[in-house]
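**Q** Hey, dropping final-v5.cif in here, mmCIF, C-alpha atoms and all ligand atoms:
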```cif
data_model
loop_
_atom_site.label_atom_id
_atom_site.label_comp_id
_atom_site.auth_asym_id
_atom_site.auth_seq_id
_atom_site.Cartn_x
_atom_site.Cartn_y
_atom_site.Cartn_z
CA MET A 1 1.89 -25.16 -107.35
CA VAL A 2 2.30 -24.82 -103.56
CA PHE A 3 3.70 -21.29 -104.04
CA ASP A 4 0.67 -20.38 -106.20
CA ALA A 5 -1.71 -21.67 -103.53
CA VAL A 6 0.09 -19.68 -100.79
CA ALA A 7 0.18 -16.58 -103.02
CA GLN A 8 -3.56 -16.89 -103.78
CA PHE A 9 -4.43 -17.36 -100.13
CA VAL A 10 -2.45 -14.35 -98.90
CA ALA A 11 -3.73 -12.20 -101.80
CA SER A 12 -7.28 -12.74 -100.59
CA VAL A 13 -6.64 -10.88 -97.31
CA ASP A 14 -7.12 -7.08 -97.29
CA GLU A 15 -3.95 -5.00 -97.66
CA THR A 16 -3.39 -2.97 -94.46
CA PRO A 17 -4.69 -5.57 -91.98
CA ARG A 18 -2.63 -8.11 -93.86
CA ASP A 19 0.55 -6.02 -93.59
CA VAL A 20 -0.07 -5.38 -89.89
CA ALA A 21 -0.64 -9.10 -89.31
CA ALA A 22 2.50 -10.00 -91.31
CA SER A 23 4.59 -7.49 -89.29
CA ALA A 24 3.19 -8.79 -86.00
CA LEU A 25 3.84 -12.44 -86.94
CA THR A 26 7.40 -11.69 -88.07
CA THR A 27 8.13 -9.67 -84.92
CA ILE A 28 7.00 -12.62 -82.78
CA GLY A 29 9.13 -14.91 -84.98
CA ALA A 30 12.19 -12.69 -84.45
CA PHE A 31 11.70 -12.72 -80.68
CA VAL A 32 11.23 -16.50 -80.50
CA TRP A 33 14.19 -17.10 -82.83
CA VAL A 34 16.72 -15.02 -80.83
CA LYS A 35 15.37 -16.48 -77.56
CA ALA A 36 15.73 -20.04 -78.89
CA PHE A 37 19.41 -19.48 -79.70
CA ASP A 38 19.99 -18.00 -76.27
CA ALA A 39 18.38 -21.07 -74.66
CA LEU A 40 20.44 -23.44 -76.84
CA ALA A 41 23.69 -21.60 -76.10
CA ASP A 42 22.75 -21.65 -72.40
CA ARG A 43 22.39 -25.44 -72.52
CA GLY A 44 25.78 -25.74 -74.14
CA ALA A 45 24.43 -26.78 -77.57
CA PHE A 46 27.04 -24.45 -79.07
CA ALA A 47 29.48 -21.72 -78.05
CA SER A 48 28.17 -18.15 -77.80
CA THR A 49 30.34 -17.10 -80.80
CA THR A 50 28.63 -19.84 -82.85
CA SER A 51 25.19 -18.88 -81.51
CA ARG A 52 25.79 -15.25 -82.49
CA LYS A 53 26.83 -16.18 -86.03
CA LEU A 54 23.91 -18.59 -86.44
CA VAL A 55 21.57 -15.74 -85.43
CA HIS A 56 23.46 -13.57 -87.94
CA VAL A 57 23.04 -16.11 -90.81
CA THR A 58 19.44 -17.06 -90.13
CA SER A 59 17.67 -13.86 -88.93
CA GLY A 60 18.01 -11.82 -92.12
CA THR A 61 17.53 -14.89 -94.33
CA PHE A 62 14.28 -15.91 -92.61
CA PHE A 63 13.21 -12.28 -92.47
CA ALA A 64 13.44 -12.13 -96.29
CA CYS A 65 11.49 -15.40 -96.45
CA THR A 66 8.55 -13.67 -94.71
CA TRP A 67 8.21 -11.00 -97.45
CA PRO A 68 5.61 -12.90 -99.52
CA LEU A 69 3.30 -12.58 -96.48
CA PHE A 70 3.05 -8.84 -97.18
CA SER A 71 0.57 -7.29 -99.60
CA ALA A 72 1.24 -5.77 -103.02
CA SER A 73 0.55 -2.23 -101.71
CA GLY A 74 3.19 0.48 -101.95
CA ALA A 75 3.32 0.69 -98.15
CA ALA A 76 4.04 -3.03 -97.66
CA ARG A 77 7.82 -2.57 -97.84
CA PHE A 78 7.67 -0.05 -94.99
CA PHE A 79 5.62 -2.37 -92.81
CA ALA A 80 8.33 -4.98 -93.44
CA ALA A 81 11.20 -2.52 -92.86
CA ALA A 82 9.62 -1.56 -89.52
CA ILE A 83 10.56 -5.02 -88.18
CA PRO A 84 14.39 -4.66 -88.33
CA LEU A 85 13.94 -0.98 -87.44
CA ALA A 86 12.08 -1.93 -84.24
CA GLN A 87 14.75 -4.57 -83.51
CA GLY A 88 17.38 -1.86 -83.98
CA VAL A 89 15.61 0.42 -81.51
CA ARG A 90 15.41 -2.51 -79.07
CA LEU A 91 19.14 -3.27 -79.53
CA PHE A 92 19.91 0.41 -78.95
CA GLY A 93 17.84 0.37 -75.75
CA ILE A 94 19.58 -2.76 -74.46
CA GLY A 95 23.07 -1.72 -75.59
CA SER A 96 22.80 1.72 -74.00
CA GLY A 97 21.48 0.26 -70.74
CA MET A 98 17.97 1.77 -70.99
CA ILE A 99 16.44 -1.72 -71.25
CA LYS A 100 17.70 -4.66 -69.18
CA ASN A 101 17.80 -7.89 -71.19
CA ALA A 102 20.64 -10.22 -70.23
CA SER A 103 19.29 -12.97 -72.47
CA ALA A 104 19.47 -10.84 -75.64
CA VAL A 105 23.00 -9.70 -74.68
CA ARG A 106 24.06 -13.37 -74.30
CA ALA A 107 22.53 -14.34 -77.64
CA VAL A 108 24.05 -11.64 -79.84
CA SER A 109 27.15 -10.24 -78.14
CA ARG A 110 30.65 -11.50 -78.90
CA GLU A 111 32.05 -11.32 -75.37
CA GLY A 112 29.01 -10.66 -73.20
CA GLY A 113 29.16 -6.83 -73.12
CA LYS A 114 25.85 -5.03 -73.70
CA GLU A 115 27.59 -2.17 -75.56
CA GLU A 116 28.57 -4.65 -78.31
CA LEU A 117 24.91 -4.59 -79.39
CA LEU A 118 25.46 -0.99 -80.51
CA LYS A 119 27.88 -2.17 -83.21
CA GLY A 120 27.53 -5.26 -85.47
CA PRO A 121 23.98 -6.25 -84.44
CA LEU A 122 22.66 -2.66 -84.67
CA TYR A 123 24.34 -2.11 -88.07
CA TYR A 124 22.92 -5.45 -89.22
CA THR A 125 19.34 -4.32 -88.50
CA ALA A 126 20.05 -0.95 -90.22
CA VAL A 127 21.20 -2.78 -93.39
CA LEU A 128 18.10 -5.01 -93.35
CA ALA A 129 15.79 -1.99 -92.93
CA ALA A 130 17.57 -0.02 -95.69
CA CYS A 131 17.57 -2.92 -98.21
CA THR A 132 13.92 -3.70 -97.46
CA SER A 133 12.65 -0.16 -97.95
CA ALA A 134 14.94 0.73 -100.87
CA TYR A 135 14.78 -2.48 -102.94
CA TRP A 136 12.06 -4.75 -101.53
CA ARG A 137 11.20 -8.09 -103.11
CA THR A 138 11.03 -7.10 -106.79
CA ASN A 139 14.69 -6.13 -107.12
CA PRO A 140 17.53 -8.67 -106.73
CA ILE A 141 19.98 -6.01 -105.46
CA GLY A 142 18.55 -5.76 -101.93
CA ILE A 143 17.96 -9.50 -101.67
CA VAL A 144 21.56 -10.25 -102.70
CA ALA A 145 23.05 -7.53 -100.44
CA MET A 146 21.21 -9.02 -97.45
CA ALA A 147 22.27 -12.54 -98.46
CA MET A 148 25.95 -11.53 -98.67
CA MET A 149 25.80 -9.91 -95.24
CA CYS A 150 23.95 -12.85 -93.65
CA GLY A 151 25.24 -15.92 -95.49
CA GLY A 152 28.60 -14.61 -96.68
CA ASP A 153 29.88 -12.88 -93.54
CA GLY A 154 28.26 -15.52 -91.33
CA PHE A 155 29.80 -18.53 -93.06
CA ALA A 156 33.20 -16.79 -93.37
CA ASP A 157 33.31 -16.69 -89.58
CA LEU A 158 31.91 -20.20 -89.01
CA VAL A 159 34.19 -21.85 -91.61
CA GLY A 160 37.21 -19.59 -90.87
CA ARG A 161 37.19 -20.33 -87.16
CA LYS A 162 37.06 -24.08 -87.81
CA PHE A 163 39.34 -24.46 -90.84
CA GLY A 164 41.27 -21.18 -91.00
CA LYS A 165 44.32 -22.18 -88.93
CA GLY A 166 47.51 -22.20 -90.99
CA ASN A 167 46.04 -20.59 -94.11
CA ALA A 168 45.97 -16.91 -93.18
CA LEU A 169 45.53 -14.41 -96.02
CA PRO A 170 48.82 -12.65 -96.98
CA TRP A 171 47.10 -9.23 -96.72
CA ASN A 172 45.25 -9.91 -93.43
CA GLU A 173 46.56 -12.36 -90.84
CA GLU A 174 43.24 -12.20 -88.92
CA LYS A 175 41.40 -13.84 -91.84
CA SER A 176 41.95 -16.99 -93.86
CA PHE A 177 41.49 -18.55 -97.30
CA ALA A 178 39.10 -21.06 -95.71
CA GLY A 179 36.99 -18.22 -94.24
CA SER A 180 36.87 -16.40 -97.59
CA ALA A 181 35.90 -19.63 -99.39
CA GLY A 182 33.17 -20.00 -96.73
CA PHE A 183 32.07 -16.45 -97.57
CA VAL A 184 31.70 -17.18 -101.30
CA ALA A 185 29.89 -20.50 -100.67
CA GLY A 186 27.62 -19.09 -97.93
CA GLY A 187 26.90 -15.79 -99.71
CA PHE A 188 26.23 -17.38 -103.09
CA GLY A 189 24.27 -20.25 -101.50
CA VAL A 190 21.93 -18.02 -99.46
CA ALA A 191 21.55 -15.52 -102.33
CA SER A 192 20.73 -18.29 -104.84
CA GLY A 193 18.21 -19.82 -102.46
CA LEU A 194 16.48 -16.46 -101.95
CA LEU A 195 16.55 -15.61 -105.68
CA ALA A 196 14.94 -18.98 -106.51
CA TYR A 197 12.39 -18.41 -103.72
CA PHE A 198 11.33 -14.96 -104.98
CA ASP A 199 11.34 -16.25 -108.55
CA ALA A 200 8.95 -19.04 -107.50
CA PHE A 201 6.59 -16.41 -106.06
CA GLY A 202 6.84 -14.43 -109.32
CA PHE A 203 8.42 -11.32 -107.75
CA ILE A 204 11.61 -11.50 -109.83
CA GLU A 205 12.88 -13.45 -112.80
CA ALA A 206 16.08 -15.27 -111.92
CA THR A 207 17.92 -16.36 -115.09
CA PRO A 208 21.28 -18.17 -115.38
CA THR A 209 22.83 -14.69 -115.90
CA THR A 210 21.33 -13.55 -112.59
CA TYR A 211 23.04 -16.45 -110.79
CA PHE A 212 26.33 -15.86 -112.63
CA VAL A 213 26.31 -12.17 -111.67
CA THR A 214 25.49 -13.19 -108.09
CA LEU A 215 28.57 -15.41 -108.02
CA ILE A 216 30.73 -12.48 -109.17
CA ILE A 217 29.18 -10.33 -106.42
CA ALA A 218 29.97 -13.04 -103.87
CA PHE A 219 33.66 -12.97 -104.89
CA ALA A 220 33.76 -9.14 -104.78
CA CYS A 221 32.15 -9.06 -101.31
CA ALA A 222 34.48 -11.81 -100.05
CA LEU A 223 37.46 -9.76 -101.21
CA VAL A 224 36.22 -6.62 -99.44
CA GLU A 225 35.38 -8.63 -96.28
CA SER A 226 38.93 -10.00 -96.25
CA LEU A 227 40.60 -6.55 -96.20
CA PRO A 228 42.06 -5.25 -92.92
CA ILE A 229 39.52 -2.40 -92.70
CA THR A 230 37.13 -3.78 -90.05
CA SER A 231 38.25 -1.12 -87.54
CA ILE A 232 37.34 1.62 -90.06
CA VAL A 233 34.10 0.23 -91.47
CA ASP A 234 32.05 -2.64 -90.03
CA ASP A 235 31.83 -5.77 -92.23
CA ASN A 236 28.03 -5.55 -92.27
CA PHE A 237 28.25 -2.16 -94.01
CA SER A 238 31.25 -2.85 -96.28
CA VAL A 239 29.77 -6.13 -97.55
CA ALA A 240 26.27 -4.70 -98.17
CA ILE A 241 27.64 -1.56 -99.89
CA THR A 242 29.87 -3.69 -102.15
CA ALA A 243 26.92 -5.92 -103.09
CA ILE A 244 24.71 -2.90 -103.82
CA ALA A 245 27.42 -1.19 -105.90
CA CYS A 246 28.18 -4.35 -107.94
CA GLY A 247 24.48 -5.24 -108.22
CA SER A 248 23.59 -1.75 -109.50
CA LEU A 249 26.28 -2.10 -112.19
CA LEU A 250 25.76 -5.71 -113.19
CA TYR A 251 22.08 -6.79 -112.84
N1 LIG B 1 37.51 -14.23 -94.33
C1 LIG B 1 37.49 -14.65 -93.07
C2 LIG B 1 36.57 -14.12 -92.13
C3 LIG B 1 36.62 -14.58 -90.84
N2 LIG B 1 37.51 -15.54 -90.45
C4 LIG B 1 37.56 -16.05 -89.07
O1 LIG B 1 36.44 -15.64 -88.33
C5 LIG B 1 36.81 -14.83 -87.21
C6 LIG B 1 35.82 -13.73 -86.98
O2 LIG B 1 35.76 -12.89 -88.12
P1 LIG B 1 34.95 -11.54 -88.20
O3 LIG B 1 33.87 -11.68 -89.21
O4 LIG B 1 35.86 -10.40 -88.35
O5 LIG B 1 34.29 -11.64 -86.78
P2 LIG B 1 33.67 -10.66 -85.78
O6 LIG B 1 34.42 -9.39 -85.78
O7 LIG B 1 33.56 -11.44 -84.52
O8 LIG B 1 32.22 -10.53 -86.34
P3 LIG B 1 31.44 -9.34 -87.02
O9 LIG B 1 32.04 -9.14 -88.39
O10 LIG B 1 30.05 -9.89 -87.14
O11 LIG B 1 31.54 -8.17 -86.12
C7 LIG B 1 38.20 -14.34 -87.54
O12 LIG B 1 38.93 -14.07 -86.39
C8 LIG B 1 38.77 -15.51 -88.31
O13 LIG B 1 39.16 -16.52 -87.42
C9 LIG B 1 38.39 -16.06 -91.39
O14 LIG B 1 39.20 -16.92 -91.07
N3 LIG B 1 38.36 -15.60 -92.67
C1 LIG B 2 24.24 -11.07 -84.15
C2 LIG B 2 23.76 -10.29 -85.30
C3 LIG B 2 24.58 -9.51 -86.03
C4 LIG B 2 26.00 -9.33 -85.76
O1 LIG B 2 26.71 -9.05 -86.92
C5 LIG B 2 22.32 -10.42 -85.68
C6 LIG B 2 21.37 -9.67 -84.78
C7 LIG B 2 19.95 -10.03 -85.08
C8 LIG B 2 18.91 -9.23 -84.34
C9 LIG B 2 19.05 -9.30 -82.85
C10 LIG B 2 17.52 -9.73 -84.70
C11 LIG B 2 17.08 -9.34 -86.09
C12 LIG B 2 15.70 -9.89 -86.38
C13 LIG B 2 15.26 -9.71 -87.83
C14 LIG B 2 15.10 -8.26 -88.19
C15 LIG B 2 13.95 -10.43 -88.07
C16 LIG B 2 14.04 -11.95 -88.03
C17 LIG B 2 12.70 -12.60 -88.30
C18 LIG B 2 12.72 -14.08 -88.54
C19 LIG B 2 11.31 -14.60 -88.79
C20 LIG B 2 13.50 -14.93 -87.63
#
```
Re-express the file's structure as structure tokens.
Ligand SMILES: Nc1ccn([C@@H]2O[C@H](COP(=O)(O)OP(=O)(O)OP(=O)(O)O)[C@@H](O)[C@H]2O)c(=O)n1
Ligand SMILES: C/C(=C\CO)CCC[C@H](C)CCC[C@H](C)CCCC(C)C

**A**
Amino acid sequence: MVFDAVAQFVASVDETPRDVAASALTTIGAFVWVKAFDALADRGAFASTTSRKLVHVTSGTFFACTWPLFSASGAARFFAAAIPLAQGVRLFGIGSGMIKNASAVRAVSREGGKEELLKGPLYYTAVLAACTSAYWRTNPIGIVAMAMMCGGDGFADLVGRKFGKGNALPWNEEKSFAGSAGFVAGGFGVASGLLAYFDAFGFIEATPTTYFVTLIIAFACALVESLPITSIVDDNFSVAITAIACGSLLY
């Protein structure tokens, strides 16, 4: 009912101006969101590692939530993909020292070094842009790949750091059973929420099989995330590629 009303309202706005307005609104949202976490971390609301992971979990998830704002035109997905792309360019500028932005470095770096923005955060925006332009809102593969990267990897860290002492994985002492359980719960939880959301807007049809397959994908991604290969391939890439490969086979 509410979703229908929102869908009808946004459908009444012309396509290109609507996509430009949706991109502008989301870009402002992204700026405010990252800034808010920086301010909270600054006031000691949580540690910078927690702030970074909360930005990781929420940015891509809320970004996907803005997709219904875009029109039904073929170009809409590219207007949407331009948002993480622009964030990636910004991260590149800050990480390489071309742009000075101490606040952004504080909010998304692990140890406070600007060059860290050229790794995880930059790859994260690349995955969001690729999933958006390749799969968009009518295909569960991109939605689930983004959810595994945001919710899965994010919760693995948050849960693993808190409850992972004393239950290290036999094949990777840096990671834990608790962290991997957090991955499955966070990845499946965020993916299920997004699938139900896009189903409510009528973009996809999420059946019990869709959710079951999503749970299998969450386990597969958690397994890949747990492997000692982070120095070879960043978790953001390995998790998203696993989700896309499994999703292409199973959905
Ligand atoms: N399956 C997992 C994943 C993570 N962790 C915990 O979370 C910490 C950070 O994990 P990781 O995701 O590798 O963190 P970063 O490298 O900081 O983050 P990113 O992947 O975003 O670069 C690990 O040291 C570990 O304590 C865990 O216990 N079990
Ligand atoms: C710390 C991060 C990854 C490390 O693995 C995440 C970095 C996030 C970027 C700085 C910001 C990305 C913004 C999104 C593309 C858009 C969010 C919009 C929304 C409305 C909040």

**Q** Would you kindly return, as an mmCIF file with C-alpha atoms, keeping the file's coordinate frame, each protein, DNA or RNA residue with an atom no farther than 9 Å from any atom of A:Gly164, considering all atoms listed in the file and excluding same-chain residues fewer than 3 positions away?

**A**
```
data_model
loop_
_atom_site.group_PDB
_atom_site.id
_atom_site.type_symbol
_atom_site.label_atom_id
_atom_site.label_comp_id
_atom_site.auth_asym_id
_atom_site.auth_seq_id
_atom_site.Cartn_x
_atom_site.Cartn_y
_atom_site.Cartn_z
ATOM 1 C CA VAL A 159 34.190 -21.850 -91.610
ATOM 2 C CA GLY A 160 37.210 -19.590 -90.870
ATOM 3 C CA ARG A 161 37.190 -20.330 -87.160
ATOM 4 C CA ASN A 167 46.040 -20.590 -94.110
ATOM 5 C CA ALA A 168 45.970 -16.910 -93.180
ATOM 6 C CA LYS A 175 41.400 -13.840 -91.840
ATOM 7 C CA SER A 176 41.950 -16.990 -93.860
ATOM 8 C CA PHE A 177 41.490 -18.550 -97.300
ATOM 9 C CA ALA A 178 39.100 -21.060 -95.710
ATOM 10 C CA GLY A 179 36.990 -18.220 -94.240
#
```

**Q** When you look at A:Glu115 with a cut-off of 8 Å (counting only C-alpha atoms), what residues show up, excluding the ones that are within fewer than 2 positions of it in the same chain? I need them as a PyMOL selection string.

**A** chain A and resi 95-96+113+117-119

**Q** Give me a file of those residues, with C-alpha atoms, as an mmCIF file, in the coordinates of the input.

**A**
```cif
data_model
loop_
_atom_site.group_PDB
_atom_site.id
_atom_site.type_symbol
_atom_site.label_atom_id
_atom_site.label_comp_id
_atom_site.auth_asym_id
_atom_site.auth_seq_id
_atom_site.Cartn_x
_atom_site.Cartn_y
_atom_site.Cartn_z
ATOM 1 C CA GLY A 95 23.070 -1.720 -75.590
ATOM 2 C CA SER A 96 22.800 1.720 -74.000
ATOM 3 C CA GLY A 113 29.160 -6.830 -73.120
ATOM 4 C CA LEU A 117 24.910 -4.590 -79.390
ATOM 5 C CA LEU A 118 25.460 -0.990 -80.510
ATOM 6 C CA LYS A 119 27.880 -2.170 -83.210
#
```

**Q** List all protein, DNA and RNA residues that have an atom no more than 9 Å from any atom of ligand LIG 1 (chain B), counting all atoms listed in the file, and report them as a PyMOL selection string.

**A** chain A and resi 49+52-53+56+110+119-121+124+153-165+167-169+172-183+222-223+225-227+230+234-236

**Q** Atom CA of A:Tyr123 and atom CA of A:Gly60 are how many Å apart?

**A**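 So the answer is 12.3 Å.
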
**Q** Tell me, as a ChimeraX atom specification, which residues lie within 10 Å of stretch 75-92 of chain A, counting all atoms listed in the file; anything in the same chain fewer than 5 positions away does not count.

**A** /A:15-16,18-24,26-28,30-31,59-60,63-64,66-67,69-70,97-99,101,104-105,108,114-119,121-137

**Q** The selected residues should be written to file as a CSV table (one decimal), in the frame of the given file (atoms: C-alpha atoms).

**A**
```csv
chain,number,residue,atom,x,y,z
A,15,GLU,CA,-4.0,-5.0,-97.7
A,16,THR,CA,-3.4,-3.0,-94.5
A,18,ARG,CA,-2.6,-8.1,-93.9
A,19,ASP,CA,0.6,-6.0,-93.6
A,20,VAL,CA,-0.1,-5.4,-89.9
A,21,ALA,CA,-0.6,-9.1,-89.3
A,22,ALA,CA,2.5,-10.0,-91.3
A,23,SER,CA,4.6,-7.5,-89.3
A,24,ALA,CA,3.2,-8.8,-86.0
A,26,THR,CA,7.4,-11.7,-88.1
A,27,THR,CA,8.1,-9.7,-84.9
A,28,ILE,CA,7.0,-12.6,-82.8
A,30,ALA,CA,12.2,-12.7,-84.4
A,31,PHE,CA,11.7,-12.7,-80.7
A,59,SER,CA,17.7,-13.9,-88.9
A,60,GLY,CA,18.0,-11.8,-92.1
A,63,PHE,CA,13.2,-12.3,-92.5
A,64,ALA,CA,13.4,-12.1,-96.3
A,66,THR,CA,8.6,-13.7,-94.7
A,67,TRP,CA,8.2,-11.0,-97.4
A,69,LEU,CA,3.3,-12.6,-96.5
A,70,PHE,CA,3.0,-8.8,-97.2
A,97,GLY,CA,21.5,0.3,-70.7
A,98,MET,CA,18.0,1.8,-71.0
A,99,ILE,CA,16.4,-1.7,-71.2
A,101,ASN,CA,17.8,-7.9,-71.2
A,104,ALA,CA,19.5,-10.8,-75.6
A,105,VAL,CA,23.0,-9.7,-74.7
A,108,VAL,CA,24.0,-11.6,-79.8
A,114,LYS,CA,25.8,-5.0,-73.7
A,115,GLU,CA,27.6,-2.2,-75.6
A,116,GLU,CA,28.6,-4.6,-78.3
A,117,LEU,CA,24.9,-4.6,-79.4
A,118,LEU,CA,25.5,-1.0,-80.5
A,119,LYS,CA,27.9,-2.2,-83.2
A,121,PRO,CA,24.0,-6.2,-84.4
A,122,LEU,CA,22.7,-2.7,-84.7
A,123,TYR,CA,24.3,-2.1,-88.1
A,124,TYR,CA,22.9,-5.4,-89.2
A,125,THR,CA,19.3,-4.3,-88.5
A,126,ALA,CA,20.0,-1.0,-90.2
A,127,VAL,CA,21.2,-2.8,-93.4
A,128,LEU,CA,18.1,-5.0,-93.4
A,129,ALA,CA,15.8,-2.0,-92.9
A,130,ALA,CA,17.6,0.0,-95.7
A,131,CYS,CA,17.6,-2.9,-98.2
A,132,THR,CA,13.9,-3.7,-97.5
A,133,SER,CA,12.6,-0.2,-98.0
A,134,ALA,CA,14.9,0.7,-100.9
A,135,TYR,CA,14.8,-2.5,-102.9
A,136,TRP,CA,12.1,-4.8,-101.5
A,137,ARG,CA,11.2,-8.1,-103.1
```

**Q** Report, in Å to a single decimal, how far apart atom C6 of ligand LIG 2 (chain B) and atom CA of A:Ala185 are.

**A**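 Answer for the atom CA of A:Ala185 to atom C6 of ligand LIG 2 (chain B) separation: 21.0 Å.
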
**Q** Report, in Å with one decimal, the straight-line distance from atom CA of A:Ser109 to atom C18 of ligand LIG 2 (chain B).

**A**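 Atom CA of A:Ser109 sits 18.2 Å away from atom C18 of ligand LIG 2 (chain B).
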
**Q** Neighbouring residues of A:Asp199 were defined as those with any atom within 12 Å, considering all atoms listed in the file; residues of the same chain fewer than 5 positions away were excluded. Please report them as an NGL selection string.

**A** :A and (3-4 or 68 or 137-140 or 143 or 191-194 or 204-207 or 210-211)

**Q** Once 6 Å is added on each side, what centre and edge lengths in Å to one decimal does the axis-aligned box around all listed atoms of ligand LIG 2 (chain B) have, as JSON?

**A**
```
{"center_x": 19.0, "center_y": -11.6, "center_z": -85.8, "size_x": 27.4, "size_y": 18.7, "size_z": 17.9}
```

**Q** Please provide as number ranges by chain all residues within 7 Å of A:Met148, with the sequence filter that same-chain residues fewer than 4 positions apart are discarded (counting all atoms listed in the file).

**A** A: 144, 152-153, 187, 191, 218, 239-240
